[in-house]
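Here is the file work_12.cif (mmCIF, C-alpha atoms).
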```
data_my_file
loop_
_atom_site.label_atom_id
_atom_site.label_comp_id
_atom_site.auth_asym_id
_atom_site.auth_seq_id
_atom_site.Cartn_x
_atom_site.Cartn_y
_atom_site.Cartn_z
CA MET A 1 80.67 109.52 5.31
CA ALA A 2 80.28 106.20 3.55
CA GLU A 3 76.97 104.45 3.17
CA GLY A 4 75.73 101.76 5.52
CA LYS A 5 75.74 101.26 9.25
CA ASN A 6 78.64 102.09 11.51
CA LEU A 7 80.68 99.07 12.48
CA VAL A 8 81.60 98.58 16.14
CA GLY A 9 85.18 99.77 16.67
CA VAL A 10 87.37 97.25 18.53
CA ASP A 11 90.82 98.29 19.72
CA ILE A 12 92.82 95.38 21.15
CA GLY A 13 95.71 97.09 22.93
CA SER A 14 98.50 95.46 24.89
CA ASN A 15 96.93 96.48 28.23
CA ALA A 16 93.21 96.64 27.49
CA VAL A 17 90.41 96.17 24.98
CA LYS A 18 88.41 99.28 24.10
CA VAL A 19 85.13 99.19 22.18
CA VAL A 20 83.06 102.06 20.74
CA GLN A 21 79.77 101.94 18.84
CA LEU A 22 78.74 105.14 17.08
CA LYS A 23 75.45 106.03 15.45
CA GLU A 24 74.75 108.90 13.07
CA ALA A 25 71.37 110.62 13.17
CA ARG A 26 70.58 114.01 11.62
CA LYS A 27 74.25 114.39 10.71
CA LYS A 28 75.34 114.13 14.34
CA LEU A 29 77.32 111.26 15.80
CA THR A 30 76.54 109.76 19.18
CA VAL A 31 78.34 107.11 21.23
CA ILE A 32 75.55 104.62 21.88
CA ARG A 33 77.71 101.90 23.46
CA ALA A 34 81.24 101.76 24.82
CA GLY A 35 83.28 99.36 26.89
CA TYR A 36 86.70 98.84 28.44
CA ALA A 37 88.33 95.70 29.84
CA PRO A 38 91.94 95.35 31.08
CA LEU A 39 94.10 92.50 29.82
CA PRO A 40 96.63 90.47 31.83
CA PRO A 41 100.32 91.32 31.25
CA GLN A 42 101.94 89.75 28.17
CA THR A 43 98.57 89.09 26.48
CA ILE A 44 99.69 91.10 23.43
CA VAL A 45 103.43 91.44 22.74
CA ASP A 46 104.70 93.57 19.81
CA GLY A 47 101.26 93.34 18.25
CA HIS A 48 101.27 89.53 18.44
CA VAL A 49 98.47 87.74 20.32
CA MET A 50 100.08 85.58 23.03
CA ASN A 51 96.97 84.82 25.12
CA ALA A 52 93.95 84.45 22.85
CA GLY A 53 91.70 83.24 25.68
CA ALA A 54 92.15 86.47 27.66
CA VAL A 55 91.25 88.60 24.62
CA ILE A 56 88.18 86.53 23.80
CA GLU A 57 86.99 86.66 27.40
CA ALA A 58 87.45 90.46 27.50
CA LEU A 59 85.53 90.90 24.24
CA GLU A 60 82.67 88.70 25.38
CA ARG A 61 82.47 90.55 28.69
CA ILE A 62 82.43 94.00 27.07
CA PHE A 63 79.73 93.10 24.55
CA HIS A 64 77.61 91.36 27.19
CA ASP A 65 77.95 93.89 30.01
CA ASN A 66 77.37 96.89 27.75
CA LYS A 67 74.49 95.27 25.84
CA ILE A 68 76.19 95.66 22.45
CA THR A 69 74.03 93.60 20.09
CA MET A 70 75.72 94.71 16.85
CA LYS A 71 78.26 92.03 15.93
CA ASP A 72 79.81 93.53 12.77
CA VAL A 73 83.14 95.03 13.83
CA ALA A 74 86.21 96.92 12.62
CA VAL A 75 89.46 95.95 14.34
CA GLY A 76 92.83 97.71 14.32
CA LEU A 77 96.36 96.39 13.81
CA TYR A 78 99.64 97.87 15.04
CA GLY A 79 103.20 96.92 15.84
CA GLN A 80 105.58 94.66 13.93
CA PRO A 81 102.92 92.90 11.82
CA VAL A 82 102.13 96.15 9.96
CA ILE A 83 104.22 97.91 7.29
CA VAL A 84 103.20 101.29 5.89
CA ARG A 85 104.93 102.96 2.94
CA LYS A 86 104.15 106.04 0.88
CA ILE A 87 105.20 105.30 -2.70
CA THR A 88 105.18 107.21 -5.98
CA VAL A 89 104.09 105.37 -9.12
CA PRO A 90 103.30 106.38 -12.72
CA LEU A 91 99.80 107.71 -13.27
CA MET A 92 97.53 104.78 -14.11
CA THR A 93 93.91 103.65 -14.03
CA PRO A 94 92.46 101.90 -10.96
CA GLN A 95 92.51 98.58 -12.83
CA GLU A 96 96.16 99.03 -13.84
CA LEU A 97 97.14 99.95 -10.28
CA ASP A 98 95.29 96.94 -8.93
CA GLU A 99 97.33 94.72 -11.24
CA GLN A 100 100.60 96.53 -10.51
CA ILE A 101 100.41 96.94 -6.74
CA GLY A 102 101.77 93.45 -5.98
CA TRP A 103 104.97 94.18 -7.93
CA GLU A 104 105.31 97.58 -6.26
CA ALA A 105 104.90 95.94 -2.85
CA GLU A 106 107.69 93.47 -3.62
CA GLN A 107 110.08 96.39 -4.17
CA GLN A 108 109.20 97.93 -0.79
CA ILE A 109 108.81 94.96 1.55
CA SER A 110 111.57 92.60 2.66
CA TYR A 111 109.14 89.76 3.47
CA ASP A 112 107.90 87.23 0.93
CA ILE A 113 104.92 88.95 -0.65
CA LYS A 114 103.00 85.65 -0.59
CA VAL A 115 102.75 85.77 3.22
CA MET A 116 101.47 89.36 3.24
CA SER A 117 98.03 90.93 2.86
CA ILE A 118 98.32 94.06 0.72
CA ASP A 119 96.06 97.09 0.55
CA TYR A 120 96.50 100.59 -0.80
CA GLU A 121 94.91 103.98 -1.24
CA VAL A 122 95.62 106.66 -3.82
CA LEU A 123 96.65 109.80 -1.92
CA LYS A 124 97.24 112.29 -4.70
CA LYS A 125 97.31 112.36 -8.49
CA ARG A 126 99.80 114.69 -10.19
CA PRO A 127 98.95 114.78 -13.90
CA GLU A 128 101.55 117.49 -14.54
CA THR A 129 104.34 115.01 -13.67
CA GLY A 130 102.55 111.85 -14.82
CA GLN A 131 102.78 110.38 -11.30
CA MET A 132 100.64 109.69 -8.27
CA ASP A 133 101.27 109.08 -4.59
CA VAL A 134 99.95 105.85 -3.12
CA LEU A 135 99.74 104.70 0.50
CA LEU A 136 100.79 101.05 0.61
CA VAL A 137 99.85 98.98 3.66
CA ALA A 138 100.99 95.42 4.22
CA ALA A 139 100.36 93.05 7.10
CA LYS A 140 101.36 89.45 7.67
CA LYS A 141 98.48 87.18 6.75
CA ASP A 142 99.04 85.05 9.86
CA GLU A 143 98.66 88.10 12.11
CA VAL A 144 95.56 89.33 10.30
CA ASN A 145 94.07 85.85 10.51
CA ASP A 146 94.85 85.69 14.24
CA PHE A 147 92.85 88.86 14.88
CA VAL A 148 90.02 87.73 12.61
CA SER A 149 89.89 84.36 14.39
CA LEU A 150 89.73 86.09 17.77
CA MET A 151 86.73 88.09 16.61
CA LYS A 152 84.96 85.01 15.32
CA GLU A 153 85.66 83.00 18.49
CA ALA A 154 84.09 85.87 20.44
CA LYS A 155 81.04 85.49 18.15
CA LEU A 156 81.78 88.72 16.29
CA ARG A 157 81.85 89.35 12.53
CA PRO A 158 84.99 91.23 11.43
CA GLN A 159 84.23 93.36 8.37
CA VAL A 160 87.23 95.72 8.31
CA VAL A 161 90.84 95.41 9.46
CA ASP A 162 92.43 98.86 9.72
CA VAL A 163 95.69 100.35 10.96
CA ASN A 164 95.51 102.10 14.34
CA ALA A 165 97.37 105.22 13.20
CA PHE A 166 94.86 105.78 10.39
CA ALA A 167 91.91 105.14 12.69
CA VAL A 168 93.16 108.04 14.84
CA GLN A 169 93.57 110.16 11.70
CA ASN A 170 89.97 109.46 10.67
CA ILE A 171 88.44 110.55 13.96
CA PHE A 172 90.74 113.59 14.10
CA GLU A 173 89.70 114.60 10.58
CA LEU A 174 86.04 114.30 11.53
CA GLN A 175 86.55 116.56 14.55
CA ASN A 176 88.99 119.12 13.20
CA GLY A 177 89.50 118.61 9.48
CA LEU A 178 93.00 118.22 8.04
CA PRO A 179 94.79 121.50 7.23
CA GLN A 180 95.78 121.79 3.58
CA ASP A 181 98.49 124.40 4.17
CA GLN A 182 100.20 122.99 7.26
CA VAL A 183 102.07 119.96 8.53
CA ILE A 184 100.73 118.41 11.73
CA ALA A 185 101.68 115.35 13.75
CA LEU A 186 99.19 112.97 15.36
CA ILE A 187 100.81 110.98 18.17
CA ASN A 188 99.01 108.12 19.90
CA VAL A 189 100.82 107.07 23.07
CA GLY A 190 99.58 103.58 23.81
CA ALA A 191 100.81 101.13 26.41
CA ALA A 192 103.40 99.28 24.31
CA VAL A 193 103.71 101.41 21.17
CA THR A 194 103.69 105.12 20.33
CA SER A 195 102.46 105.74 16.80
CA ILE A 196 103.44 108.88 14.90
CA ASN A 197 101.49 109.98 11.84
CA ILE A 198 102.64 113.16 10.09
CA ILE A 199 100.04 114.76 7.82
CA SER A 200 101.09 117.21 5.13
CA GLY A 201 98.66 118.96 2.81
CA GLY A 202 95.79 116.95 4.22
CA ILE A 203 97.31 113.49 3.54
CA SER A 204 99.46 111.11 5.55
CA ALA A 205 103.09 111.69 4.57
CA PHE A 206 104.97 109.64 7.18
CA THR A 207 104.12 107.02 9.78
CA ARG A 208 106.35 105.38 12.33
CA GLU A 209 105.97 103.42 15.57
CA VAL A 210 108.38 103.57 18.50
CA THR A 211 108.35 100.92 21.21
CA ASN A 212 108.85 103.48 23.99
CA ALA A 213 105.35 104.10 25.38
CA GLY A 214 103.23 104.02 28.54
CA ASN A 215 104.47 100.66 29.82
CA ALA A 216 108.06 101.91 29.79
CA ILE A 217 107.07 104.72 32.17
CA THR A 218 105.37 102.22 34.50
CA GLU A 219 108.43 99.96 34.39
CA GLN A 220 110.68 102.84 35.40
CA ILE A 221 108.50 103.48 38.45
CA GLN A 222 108.48 99.76 39.26
CA LYS A 223 112.27 99.60 39.01
CA GLN A 224 112.96 102.75 41.05
CA PHE A 225 110.59 101.93 43.92
CA SER A 226 110.67 98.10 43.89
CA VAL A 227 106.88 97.83 43.79
CA PRO A 228 104.62 95.40 41.86
CA TYR A 229 103.64 96.41 38.32
CA ASP A 230 100.02 97.09 39.28
CA GLN A 231 101.09 99.47 42.03
CA ALA A 232 103.54 101.23 39.70
CA GLU A 233 100.72 101.67 37.18
CA ALA A 234 98.52 103.12 39.93
CA TYR A 235 101.30 105.54 40.89
CA LYS A 236 101.59 106.62 37.25
CA CYS A 237 97.85 107.24 37.09
CA GLY A 238 97.86 109.39 40.22
CA GLY A 239 97.15 106.76 42.85
CA GLY A 240 93.39 107.16 42.94
CA ALA A 241 91.43 108.22 46.00
CA SER A 242 92.99 105.80 48.49
CA GLU A 243 96.70 105.68 47.62
CA ILE A 244 99.28 108.36 48.41
CA VAL A 245 101.86 108.67 45.67
CA PRO A 246 105.44 109.29 46.87
CA GLN A 247 106.67 112.71 45.79
CA GLU A 248 109.71 111.15 44.09
CA VAL A 249 107.43 109.35 41.62
CA HIS A 250 106.72 112.63 39.84
CA GLN A 251 110.40 113.07 39.00
CA VAL A 252 110.66 109.49 37.70
CA ILE A 253 107.63 110.12 35.48
CA ALA A 254 109.12 113.40 34.25
CA ASN A 255 112.44 111.70 33.39
CA ALA A 256 110.67 108.83 31.58
CA CYS A 257 108.48 111.29 29.65
CA GLU A 258 111.63 113.18 28.65
CA GLY A 259 113.04 109.97 27.18
CA LEU A 260 109.85 109.23 25.28
CA ALA A 261 109.70 112.81 23.98
CA GLY A 262 113.28 112.36 22.74
CA ASP A 263 112.31 109.26 20.76
CA ILE A 264 109.32 111.10 19.28
CA GLN A 265 111.49 114.08 18.34
CA ARG A 266 113.99 111.86 16.54
CA SER A 267 111.15 110.61 14.33
CA LEU A 268 109.97 114.16 13.66
CA ASP A 269 113.54 115.20 12.82
CA PHE A 270 113.93 112.24 10.47
CA TYR A 271 110.78 113.24 8.60
CA LEU A 272 111.90 116.86 8.27
CA ALA A 273 115.36 115.78 7.11
CA THR A 274 113.99 113.48 4.40
CA SER A 275 111.15 115.66 3.13
CA SER A 276 110.88 119.13 1.64
CA GLU A 277 108.96 120.43 4.66
CA ALA A 278 110.53 123.20 6.71
CA GLU A 279 108.58 122.70 9.91
CA ILE A 280 105.71 121.01 11.74
CA SER A 281 103.02 123.47 12.81
CA ARG A 282 101.32 121.59 15.64
CA VAL A 283 101.37 118.26 17.48
CA HIS A 284 98.22 116.54 18.75
CA VAL A 285 98.59 113.79 21.35
CA CYS A 286 96.14 111.07 22.42
CA GLY A 287 96.33 107.63 24.01
CA GLY A 288 96.42 106.30 27.54
CA SER A 289 99.57 108.14 28.62
CA ALA A 290 98.84 111.40 26.79
CA TYR A 291 97.32 112.84 29.97
CA LEU A 292 100.71 112.84 31.72
CA ALA A 293 101.46 116.57 31.90
CA PRO A 294 105.28 116.17 31.71
CA LEU A 295 104.96 114.36 28.36
CA ALA A 296 103.11 117.11 26.48
CA LYS A 297 105.46 119.70 27.98
CA ALA A 298 108.56 117.71 26.99
CA ILE A 299 107.33 117.22 23.41
CA GLU A 300 106.47 120.92 23.16
CA ARG A 301 109.86 121.97 24.48
CA ARG A 302 111.76 119.72 22.07
CA ALA A 303 109.58 120.29 18.97
CA LYS A 304 109.23 124.03 19.65
CA VAL A 305 105.61 123.92 18.45
CA PRO A 306 102.27 123.91 20.30
CA VAL A 307 101.19 120.52 21.64
CA SER A 308 97.56 119.83 22.50
CA LEU A 309 95.65 116.81 23.79
CA PHE A 310 93.22 115.34 21.29
CA ASP A 311 89.82 114.31 22.64
CA PRO A 312 88.04 112.06 20.11
CA PHE A 313 84.63 112.78 21.66
CA THR A 314 84.74 116.60 21.69
CA ASN A 315 81.95 117.08 19.15
CA ILE A 316 80.29 113.70 19.65
CA GLY A 317 77.26 113.11 21.87
CA VAL A 318 77.00 110.32 24.42
CA ASP A 319 73.84 108.32 25.09
CA GLY A 320 73.73 108.47 28.87
CA LYS A 321 71.11 105.72 29.01
CA PHE A 322 73.64 103.06 28.01
CA VAL A 323 77.04 104.76 28.45
CA ASN A 324 78.63 106.19 31.60
CA GLU A 325 79.49 109.55 30.05
CA GLU A 326 81.67 110.76 32.90
CA ALA A 327 83.80 107.60 32.86
CA LEU A 328 84.08 107.65 29.05
CA ARG A 329 85.12 111.30 28.85
CA SER A 330 87.58 110.93 31.75
CA ARG A 331 89.62 108.45 29.69
CA ALA A 332 88.64 109.75 26.23
CA GLY A 333 92.21 109.71 24.91
CA GLN A 334 92.37 105.94 25.36
CA PHE A 335 89.39 105.50 23.05
CA ALA A 336 90.79 107.40 20.03
CA VAL A 337 91.58 104.24 18.04
CA ALA A 338 88.26 102.54 18.88
CA ALA A 339 86.35 105.72 17.98
CA GLY A 340 88.17 105.98 14.65
CA LEU A 341 87.42 102.33 13.90
CA GLY A 342 83.79 102.99 14.83
CA LEU A 343 83.56 105.44 11.92
CA ARG A 344 84.01 102.62 9.43
CA ARG A 345 80.88 101.42 7.65
CA ASP A 346 79.66 98.08 6.41
CA LYS A 347 79.32 99.48 2.86
CA GLU A 348 82.46 101.24 1.76
CA LYS A 349 84.07 101.83 -1.61
CA ARG A 350 87.74 102.28 -2.36
CA SER A 351 88.65 105.83 -3.31
CA SER A 352 90.57 106.04 -6.59
#
```
Encoded form (structure tokens):
Amino acid sequence: MAEGKNLVGVDIGSNAVKVVQLKEARKKLTVIRAGYAPLPPQTIVDGHVMNAGAVIEALERIFHDNKITMKDVAVGLYGQPVIVRKITVPLMTPQELDEQIGWEAEQQISYDIKVMSIDYEVLKKRPETGQMDVLLVAAKKDEVNDFVSLMKEAKLRPQVVDVNAFAVQNIFELQNGLPQDQVIALINVGAAVTSINIISGGISAFTREVTNAGNAITEQIQKQFSVPYDQAEAYKCGGGASEIVPQEVHQVIANACEGLAGDIQRSLDFYLATSSEAEISRVHVCGGSAYLAPLAKAIERRAKVPVSLFDPFTNIGVDGKFVNEEALRSRAGQFAVAAGLGLRRDKEKRSS
């Protein structure tokens, strides 16, 4: 791990804000604070902040109610504002790459490079071919600034802006390592977006987001049964202790999950068709809708590989004095991005 203190991970999703603060002691990580606050509909649309006041209020409430005094945070981006490309460039020094990366980005991105924030990471050097693979990440400056401004208005200090798919990869790597001899897929099924990150030889080889996600399942229930959105969401989540879910809802959920699994499979097929890989060995699923049993089964049936749910807190302790462990672990999949962001440190160096 990098030097310095862990930043507080802040995941601003389209339906809720999730926050995780981790602390490392004696080489063991513990969740020392965590919080969750729902957001009104249409607060975040396609990764764009439409209702800043609701986000700020949710952040302030989480930090206050959960007694989170650390204000240095890492926040994640997703959706249309983010572009990720894996590129191959001639072997060069870190200084040369730093000077060259702007030109390389111009060749890959259709937007004016002047309105984009650019970052990169060297994935693999191949001296035998005189080339190296680089992960190029670009985000619109306006969108980055919007998220940074939100943090500051909530009296927080943003230190790192990351990409949600890579935050999930980081916490997965901590828990399980990344296989060097296999291809795996990490799929985070959020409310508005499903992110797919395919890892080959221990490095990210392909990322894609599809807009079919948890909200689409809720909307199908809402449409079929003519109920308010909140009630449809409750049906999707099992109804709770007081609400009886109509039997027909289960079939609607299964059909919607089948559609989402189809979209995911098309992305997996595209990767296999455009790479030299023969197969994907395993799929790991997290996110708010990952717990829906028909979804994992549908992905497994289509991909013809084992599918397992990824719990970001499997090997991480929970400080029961400040965190409701049962509540946290019951919705662990929703906290994968926030947990991955919480691994970031306030003193990090670029790998080269």
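Shell of Ile264 of chain A at 9 Å, with all atoms listed in the file counted and residues fewer than 3 places along the chain excluded, is A:Ile187, A:Thr194, A:Ile196, A:Val210, A:Asn212, A:Gly259, A:Leu260, A:Ala261, A:Ser267, A:Leu268, A:Asp269, A:Ile299.
Taking all atoms listed in the file into account, Ala58 of chain A lies nearest to A:Ala154 out of the set A:Ile113, A:Ala154, A:Ile316, A:Ala273.
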- atom CA of Gly262 of chain A and atom CA of Gln334 of chain A are how many Å apart? 22.0 Å
- atom CA of Leu328 of chain A to atom CA of Tyr36 of chain A measures 9.2 Å
- Using all atoms listed in the file, which of A:Val283, A:Cys237, A:Leu341, A:Lys141 sits nearest Ile198 of chain A? A:Val283
- Task: Around the point (69.4, 98.0, 26.0) in the file's coordinates, collect all residues with an atom within 10 Å, using all atoms listed in the file, and return them as a count of residues only.
- Result: 8
If the PyMOL selection byres ((chain A and resi 87) around 9) is run on the structure shown, which residues does it catch, given as a CSV table (one decimal) with C-alpha atoms, keeping the file's coordinate frame?
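Final output, out-v9.csv:
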```csv
chain,number,residue,atom,x,y,z
A,85,ARG,CA,104.9,103.0,2.9
A,86,LYS,CA,104.2,106.0,0.9
A,88,THR,CA,105.2,107.2,-6.0
A,89,VAL,CA,104.1,105.4,-9.1
A,104,GLU,CA,105.3,97.6,-6.3
A,108,GLN,CA,109.2,97.9,-0.8
A,132,MET,CA,100.6,109.7,-8.3
A,133,ASP,CA,101.3,109.1,-4.6
A,134,VAL,CA,100.0,105.8,-3.1
A,135,LEU,CA,99.7,104.7,0.5
A,136,LEU,CA,100.8,101.0,0.6
```
